[in-house]
file run-v4.pdb (PDB, C-alpha atoms)
MODEL        1
ATOM      1  CA  MET A   1      31.763  -8.953  65.314
ATOM      2  CA  SER A   2      32.913  -5.374  65.110
ATOM      3  CA  ASN A   3      33.365  -3.254  68.162
ATOM      4  CA  ARG A   4      32.380   0.382  68.502
ATOM      5  CA  LYS A   5      34.846   2.946  69.767
ATOM      6  CA  ILE A   6      33.653   6.270  71.129
ATOM      7  CA  VAL A   7      35.616   9.338  70.017
ATOM      8  CA  ASP A   8      34.607  11.997  72.541
ATOM      9  CA  ALA A   9      35.319  15.337  70.882
ATOM     10  CA  ARG A  10      32.775  17.384  72.843
ATOM     11  CA  GLY A  11      34.055  20.890  73.522
ATOM     12  CA  SER A  12      36.412  20.715  70.532
ATOM     13  CA  PHE A  13      35.684  22.836  67.474
ATOM     14  CA  CYS A  14      36.238  22.245  63.795
ATOM     15  CA  PRO A  15      38.509  20.738  62.652
ATOM     16  CA  GLY A  16      39.215  19.151  66.065
ATOM     17  CA  PRO A  17      36.506  16.444  65.999
ATOM     18  CA  LEU A  18      37.519  15.405  62.474
ATOM     19  CA  MET A  19      41.210  15.293  63.447
ATOM     20  CA  GLU A  20      40.330  13.067  66.417
ATOM     21  CA  LEU A  21      38.317  10.768  64.129
ATOM     22  CA  ILE A  22      41.184  10.530  61.630
ATOM     23  CA  ALA A  23      43.593   9.508  64.407
ATOM     24  CA  ALA A  24      41.097   6.931  65.744
ATOM     25  CA  ILE A  25      40.421   5.485  62.269
ATOM     26  CA  LYS A  26      44.149   4.965  61.709
ATOM     27  CA  ALA A  27      44.282   2.873  64.889
ATOM     28  CA  ALA A  28      41.040   0.968  64.171
ATOM     29  CA  GLN A  29      40.635  -2.368  62.415
ATOM     30  CA  ILE A  30      38.650  -2.741  59.178
ATOM     31  CA  GLY A  31      35.000  -3.258  60.132
ATOM     32  CA  ASP A  32      35.275  -1.338  63.415
ATOM     33  CA  GLU A  33      32.661   1.309  64.098
ATOM     34  CA  LEU A  34      33.603   4.677  65.533
ATOM     35  CA  GLU A  35      31.089   7.056  67.052
ATOM     36  CA  VAL A  36      32.188  10.676  67.211
ATOM     37  CA  LEU A  37      30.539  12.799  69.903
ATOM     38  CA  SER A  38      30.767  16.482  69.004
ATOM     39  CA  SER A  39      29.191  19.637  70.370
ATOM     40  CA  ASP A  40      30.202  21.466  67.155
ATOM     41  CA  LYS A  41      27.284  21.480  64.685
ATOM     42  CA  ALA A  42      29.735  21.794  61.758
ATOM     43  CA  SER A  43      30.858  18.225  62.490
ATOM     44  CA  ALA A  44      27.452  16.934  61.355
ATOM     45  CA  ASN A  45      28.358  18.101  57.820
ATOM     46  CA  ASP A  46      32.149  17.982  57.787
ATOM     47  CA  ILE A  47      32.631  14.456  59.100
ATOM     48  CA  PRO A  48      30.177  12.683  56.718
ATOM     49  CA  GLU A  49      31.692  14.666  53.823
ATOM     50  CA  TRP A  50      35.187  13.447  54.766
ATOM     51  CA  ILE A  51      33.907   9.868  55.263
ATOM     52  CA  ARG A  52      32.528   9.831  51.686
ATOM     53  CA  LYS A  53      35.711  11.351  50.288
ATOM     54  CA  VAL A  54      37.945   8.679  51.832
ATOM     55  CA  LYS A  55      35.457   5.844  51.123
ATOM     56  CA  HIS A  56      34.557   4.727  54.639
ATOM     57  CA  GLU A  57      30.929   3.955  55.481
ATOM     58  CA  HIS A  58      28.715   6.614  57.111
ATOM     59  CA  LEU A  59      26.246   4.734  59.322
ATOM     60  CA  GLY A  60      24.302   7.766  60.476
ATOM     61  CA  THR A  61      24.207  11.095  62.263
ATOM     62  CA  THR A  62      21.924  12.012  65.131
ATOM     63  CA  GLU A  63      21.699  14.951  67.523
ATOM     64  CA  GLU A  64      20.836  14.573  71.177
ATOM     65  CA  ASN A  65      20.859  17.411  73.731
ATOM     66  CA  GLY A  66      23.216  19.531  71.636
ATOM     67  CA  VAL A  67      25.654  16.686  70.994
ATOM     68  CA  TRP A  68      26.080  15.278  67.493
ATOM     69  CA  HIS A  69      26.682  11.527  67.178
ATOM     70  CA  VAL A  70      28.336  10.632  63.865
ATOM     71  CA  VAL A  71      28.892   6.907  63.316
ATOM     72  CA  VAL A  72      31.404   5.616  60.788
ATOM     73  CA  LYS A  73      32.525   2.110  59.857
ATOM     74  CA  LYS A  74      36.129   1.672  58.767
ATOM     75  CA  ALA A  75      35.959   0.201  55.264
ATOM     76  CA  LYS A  76      39.629  -0.103  54.292
TER      77      LYS A  76
ENDMDL
END

call {"tool": "encode", "arguments": {"input": "run-v4.pdb", "output": "structure tokens"}}
result
Amino acid sequence: MSNRKIVDARGSFCPGPLMELIAAIKAAQIGDELEVLSSDKASANDIPEWIRKVKHEHLGTTEENGVWHVVVKKAK
């Protein structure tokens, strides 16, 4: 059973949310899910692009009340 960690990067602007995700992924276990909360719309594109590049699993992106939720599963 994986656990989901919230990476609250609201109020931080690119590349802040991605930097916070990278730090959290390094500390996470394989199979863990991380959900980045970002108020920066650029994160909705930048984070999934980085996830693909480094071969983690992008589980989805949603927007709710001006906050982007990007969910990633650590694959390696």

call {"tool": "axis_aligned_box", "arguments": {"input": "run-v4.pdb", "around": "segment 36-54 of chain A", "padding_each_side": "5 Å", "output": "AutoDock Vina command-line options"}}
result
--center_x 32.6 --center_y 15.2 --center_z 60.3 --size_x 20.7 --size_y 23.1 --size_z 30.1

call {"tool": "closest_residue", "arguments": {"input": "run-v4.pdb", "among": "A:Asn3, A:Lys76, A:Asp46, A:Glu33", "to": "Leu59 of chain A", "atoms": "only C-alpha atoms"}}
result
A:Glu33

call {"tool": "resolve_selection", "arguments": {"input": "run-v4.pdb", "expression": "the PyMOL selection byres ((chain A and resi 47-49) around 9)", "output": "PyMOL selection string"}}
result
chain A and resi 17-18+21+36+42-46+50-54+57-58+60-61+70-72

call {"tool": "atom_distance", "arguments": {"input": "run-v4.pdb", "atom1": "atom CA of Lys55 of chain A", "atom2": "atom CA of His69 of chain A"}}
result
19.2 Å

call {"tool": "resolve_selection", "arguments": {"input": "run-v4.pdb", "expression": "the PyMOL selection byres ((chain A and resi 8) around 10)", "output": "VMD selection string"}}
result
chain A and resid 5 to 7 9 to 12 17 20 to 21 35 to 39 69

call {"tool": "atom_distance", "arguments": {"input": "run-v4.pdb", "atom1": "atom CA of Gly66 of chain A", "atom2": "atom CA of Lys41 of chain A"}}
result
8.3 Å

call {"tool": "closest_residue", "arguments": {"input": "run-v4.pdb", "among": "A:Ile25, A:Asp40, A:His56, A:Lys74", "to": "Phe13 of chain A", "atoms": "all atoms listed in the file"}}
result
A:Asp40

call {"tool": "build_atoms", "arguments": {"input": "run-v4.pdb", "residues": "segment 11-32 of chain A", "atoms": "N, CA and C atoms", "output": "compact mmCIF listing (two decimals), in the frame of the given file"}}
result
# COMPACT_ATOMS: atom_id res chain seq x y z
N GLY A 11 33.28 19.74 73.07
CA GLY A 11 34.06 20.89 73.52
C GLY A 11 35.16 21.27 72.56
N SER A 12 35.40 20.44 71.55
CA SER A 12 36.41 20.72 70.53
C SER A 12 35.70 21.28 69.31
N PHE A 13 36.33 22.23 68.64
CA PHE A 13 35.68 22.84 67.47
C PHE A 13 36.44 22.52 66.21
N CYS A 14 35.73 22.59 65.10
CA CYS A 14 36.24 22.24 63.80
C CYS A 14 37.62 22.86 63.57
N PRO A 15 38.61 22.12 63.12
CA PRO A 15 38.51 20.74 62.65
C PRO A 15 38.85 19.70 63.72
N GLY A 16 38.83 20.06 64.99
CA GLY A 16 39.22 19.15 66.06
C GLY A 16 38.53 17.79 66.04
N PRO A 17 37.18 17.75 66.00
CA PRO A 17 36.51 16.44 66.00
C PRO A 17 36.93 15.57 64.82
N LEU A 18 37.09 16.17 63.64
CA LEU A 18 37.52 15.40 62.47
C LEU A 18 38.95 14.89 62.66
N MET A 19 39.83 15.72 63.21
CA MET A 19 41.21 15.29 63.45
C MET A 19 41.25 14.11 64.42
N GLU A 20 40.40 14.17 65.45
CA GLU A 20 40.33 13.07 66.42
C GLU A 20 39.82 11.79 65.75
N LEU A 21 38.83 11.93 64.85
CA LEU A 21 38.32 10.77 64.13
C LEU A 21 39.40 10.18 63.23
N ILE A 22 40.13 11.02 62.53
CA ILE A 22 41.18 10.53 61.63
C ILE A 22 42.22 9.73 62.41
N ALA A 23 42.62 10.23 63.57
CA ALA A 23 43.59 9.51 64.41
C ALA A 23 43.02 8.17 64.86
N ALA A 24 41.74 8.16 65.26
CA ALA A 24 41.10 6.93 65.74
C ALA A 24 40.93 5.92 64.62
N ILE A 25 40.60 6.39 63.42
CA ILE A 25 40.42 5.48 62.27
C ILE A 25 41.74 4.81 61.92
N LYS A 26 42.84 5.56 62.01
CA LYS A 26 44.15 4.96 61.71
C LYS A 26 44.46 3.81 62.65
N ALA A 27 44.01 3.91 63.89
CA ALA A 27 44.28 2.87 64.89
C ALA A 27 43.26 1.74 64.85
N ALA A 28 42.13 1.95 64.18
CA ALA A 28 41.04 0.97 64.17
C ALA A 28 41.30 -0.15 63.16
N GLN A 29 40.59 -1.24 63.35
CA GLN A 29 40.64 -2.37 62.42
C GLN A 29 39.52 -2.20 61.38
N ILE A 30 39.71 -2.78 60.19
CA ILE A 30 38.65 -2.74 59.18
C ILE A 30 37.40 -3.39 59.77
N GLY A 31 36.26 -2.74 59.60
CA GLY A 31 35.00 -3.26 60.13
C GLY A 31 34.63 -2.65 61.47
N ASP A 32 35.59 -2.00 62.14
CA ASP A 32 35.28 -1.34 63.42
C ASP A 32 34.37 -0.14 63.17
